[in-house]
Amino acid sequence: MRGGTNTYGLALQVQHPVHSGAREPPATPFTHTPMKIQALAIPFLSLVCALPLACKATEGHDRAESTADRVVDVGAAAGQTQLHLDKTLDALAQLEATRNQDPKPAYKDFAGSYDNFASELATLVKRRDSLRTTAESWFSEYEKQNRSIQDEDLRKTGEKRLSGFREQIADTSKQVDEILKNANAVDGRLKDLHTYLSNDLTPDGIDAVSGRISDLSKDGRKVAARLGDLSKSSETLAGKLRAARKPAQPAQ
């Protein structure tokens with residue numbers, strides 16, 4: 001206790017707190033509430049786990065369905081790639097047909113369609129990669145779970161089914177890779193021709209690459225046809241990988 005006087009001459013006494021050697025942290029709204037937080041967290045976690053599928057492990061057939069969805073994605077990308085490749089080749093034919101008139105509108109269509117084709121081709125590559133990753137995850141888990149089956153005959157049945165699934169995905173992946181190889185070759189030729197025509201749209205300039213346009217059109221149509229086949233077959237394959245679904249109800 002220390003004494004003193006204020007400006008009016010009155011005695012003052014100042015009481016200083018006794019220090020124990022450690023400074024108390026400033027109080028905050030959460031300084032003394034750990035038990036409250038725990039009391040709130042436990043029911044919250046219980047609620048989350050009570051929600052449908054929130055704490056449910058992924059089943060093997062769910063992984064199969066995800067793989068089937070990736071197959072459909074590949075087919076959809078193949079269909080769009082075919083569509084824009086056909087449009088690109090149509091515009092190129094129109095450009096050649098109008099070389100002595102006004103080829104600029106056809107060139108504009110060709111350039112736009114080619115950009116769309118190249119974009120869809122890149123999407124097809126990404127979806128092929130996604131299919132491969134998803135399928136391998138499914139196969140790995142399938143194999144792991146199947147090994148835990150005690151009944152030998154049933155385990156062998158599972159092994160046989162897994163082998164069949166692997167073959168189906170491998171065949172599809174091989175088909176996609178072959179198509180992509182040919183599509184990328186066509187893409188490279190279209191890109192070069194696009195660059196050439198961007199510099200020279202004169203009648204003589206177009207005549208000079210008439211043979212190239214003809215050859216590219218033939219090869220491009222073959223690739224487009226194979227893309228179409230891949231697109232059509234994707235739903236069939238997907239149906240073999242996943243559980244049956246109710247048929248869609250007709251619109252009222």
# chains A, B, ... in the order shown; residues from 1 in each chain; ligands from 1

$ closest_atom_pairs --of "stretch 44-127 of chain A" --to "stretch 198-211 of chain A" --cutoff "7 Å" --atoms "only C-alpha atoms" --output "CSV"
residue,atom,partner,partner_atom,distance
A:Glu96,CA,A:Ile206,CA,6.6
A:Arg99,CA,A:Pro203,CA,5.1
A:Asn100,CA,A:Pro203,CA,5.6

$ write_last_selection --atoms "N, CA and C atoms" --output "short mmCIF file (atom, residue, chain, number, x, y, z; two decimals), in the first residue's frame"
data_model
loop_
_atom_site.label_atom_id
_atom_site.label_comp_id
_atom_site.auth_asym_id
_atom_site.auth_seq_id
_atom_site.Cartn_x
_atom_site.Cartn_y
_atom_site.Cartn_z
N GLU A 96 -13.40 -24.60 -100.10
CA GLU A 96 -12.82 -24.93 -101.41
C GLU A 96 -13.81 -24.67 -102.53
N ARG A 99 -13.94 -20.88 -103.52
CA ARG A 99 -12.64 -20.23 -103.64
C ARG A 99 -12.64 -19.13 -104.70
N ASN A 100 -13.48 -19.28 -105.74
CA ASN A 100 -13.52 -18.27 -106.80
C ASN A 100 -14.61 -17.23 -106.57
#

$ residues_around --residues "A:Leu95" --least-positions-apart "5" --cutoff "9 Å" --atoms "only C-alpha atoms" --output "number ranges by chain"
A: 90, 102-107, 109-110, 206

$ closest_residue --among "A:Ala244, A:Val186, A:Ala76, A:Val71" --to "A:Asp171" --atoms "only C-alpha atoms"
A:Val71

$ residues_around --residues "A:Arg189" --least-positions-apart "4" --cutoff "12 Å" --atoms "only C-alpha atoms" --output "list in words"
Leu89, Tyr114, Ala118, Asn182, Ala183, Asn184, Ala185, Leu193, His194, Thr195, Tyr196, Val209, Arg212, Ile213, Asp215, Leu216, Ser217, Asp219 and Gly220 of chain A

$ write_last_selection --atoms "N, CA and C atoms" --output "CSV table (one decimal), in the first residue's frame"
chain,number,residue,atom,x,y,z
A,89,LEU,N,-14.9,-30.3,-91.3
A,89,LEU,CA,-14.6,-30.8,-92.6
A,89,LEU,C,-15.7,-30.3,-93.6
A,114,TYR,N,-13.1,-25.7,-86.1
A,114,TYR,CA,-11.8,-26.4,-85.8
A,114,TYR,C,-11.4,-26.1,-84.3
A,118,ALA,N,-10.9,-29.1,-81.6
A,118,ALA,CA,-9.7,-29.2,-80.8
A,118,ALA,C,-10.0,-29.2,-79.3
A,182,ASN,N,-5.3,-41.4,-84.1
A,182,ASN,CA,-5.7,-41.0,-85.5
A,182,ASN,C,-6.3,-39.6,-85.4
A,183,ALA,N,-7.1,-39.3,-84.4
A,183,ALA,CA,-7.7,-38.0,-84.2
A,183,ALA,C,-6.6,-36.9,-84.0
A,184,ASN,N,-5.6,-37.2,-83.3
A,184,ASN,CA,-4.5,-36.2,-83.1
A,184,ASN,C,-3.7,-36.0,-84.4
A,185,ALA,N,-3.6,-37.0,-85.2
A,185,ALA,CA,-2.9,-36.8,-86.5
A,185,ALA,C,-3.7,-35.9,-87.4
A,193,LEU,N,-3.2,-26.6,-91.8
A,193,LEU,CA,-4.0,-26.1,-92.9
A,193,LEU,C,-4.7,-24.8,-92.5
A,194,HIS,N,-5.1,-24.7,-91.3
A,194,HIS,CA,-5.7,-23.5,-90.8
A,194,HIS,C,-4.7,-22.3,-90.8
A,195,THR,N,-3.5,-22.6,-90.4
A,195,THR,CA,-2.5,-21.6,-90.4
A,195,THR,C,-2.2,-21.1,-91.9
A,196,TYR,N,-2.1,-22.1,-92.8
A,196,TYR,CA,-1.8,-21.8,-94.2
A,196,TYR,C,-2.9,-20.9,-94.7
A,209,VAL,N,-3.6,-26.3,-102.3
A,209,VAL,CA,-3.8,-27.3,-101.3
A,209,VAL,C,-5.0,-28.1,-101.5
A,212,ARG,N,-4.5,-31.7,-100.6
A,212,ARG,CA,-4.4,-31.9,-99.1
A,212,ARG,C,-5.8,-31.9,-98.5
A,213,ILE,N,-6.6,-31.0,-99.0
A,213,ILE,CA,-8.0,-30.9,-98.4
A,213,ILE,C,-8.8,-32.2,-98.7
A,215,ASP,N,-7.5,-35.3,-99.2
A,215,ASP,CA,-7.0,-36.4,-98.4
A,215,ASP,C,-7.4,-36.2,-96.9
A,216,LEU,N,-7.3,-35.0,-96.5
A,216,LEU,CA,-7.7,-34.8,-95.1
A,216,LEU,C,-9.1,-35.0,-94.8
A,217,SER,N,-10.0,-34.7,-95.8
A,217,SER,CA,-11.4,-35.0,-95.6
A,217,SER,C,-11.7,-36.5,-95.5
A,219,ASP,N,-9.6,-38.9,-94.5
A,219,ASP,CA,-9.1,-39.5,-93.3
A,219,ASP,C,-9.9,-38.9,-92.1
A,220,GLY,N,-10.3,-37.7,-92.2
A,220,GLY,CA,-11.1,-37.1,-91.1
A,220,GLY,C,-12.5,-37.8,-90.9

$ closest_residue --among "A:Leu121, A:Leu180, A:Ala170, A:Ala111" --to "A:Leu83" --atoms "only C-alpha atoms"
A:Leu121

$ atom_distance --atom1 "atom CA of A:Gln168" --atom2 "atom CA of A:Trp138"
13.5 Å

$ atom_distance --atom1 "atom CA of A:Lys126" --atom2 "atom CA of A:Ala77"
9.6 Å

$ closest_atom_pairs --of "stretch 125-205 of chain A" --to "stretch 62-67 of chain A" --cutoff "8 Å" --atoms "only C-alpha atoms" --output "CSV"
residue,atom,partner,partner_atom,distance
A:Leu131,CA,A:Thr67,CA,6.4
A:Thr134,CA,A:Thr67,CA,5.7
A:Ala135,CA,A:Thr67,CA,5.5
A:Ser137,CA,A:Arg63,CA,7.7
A:Trp138,CA,A:Arg63,CA,5.3

$ write_last_selection --atoms "C-alpha atoms" --output "PDB file, in the first residue's frame"
ATOM      1  CA  LEU A 131     -11.931 -43.436 -66.666  1.00  0.00           C
ATOM      2  CA  THR A 134     -11.615 -44.547 -61.560  1.00  0.00           C
ATOM      3  CA  ALA A 135     -11.529 -48.084 -62.971  1.00  0.00           C
ATOM      4  CA  SER A 137      -9.568 -47.697 -57.968  1.00  0.00           C
ATOM      5  CA  TRP A 138     -12.597 -49.951 -58.404  1.00  0.00           C
TER       6      TRP A 138
END

$ closest_residue --among "A:Ser140, A:Ser148, A:Gln82, A:Thr157" --to "A:Arg226" --atoms "only C-alpha atoms"
A:Gln82

$ closest_residue --among "A:Asp69, A:Asp177, A:Glu152, A:Glu136" --to "A:Leu241" --atoms "only C-alpha atoms"
A:Asp69

$ atom_distance --atom1 "atom CA of A:Thr88" --atom2 "atom CA of A:Gly228"
15.5 Å

$ closest_residue --among "A:Lys181, A:Arg70, A:Arg128, A:His61" --to "A:Leu237" --atoms "only C-alpha atoms"
A:Arg70

$ closest_residue --among "A:Gln80, A:Val125, A:Ser234, A:Ala225" --to "A:Ile169" --atoms "only C-alpha atoms"
A:Ser234
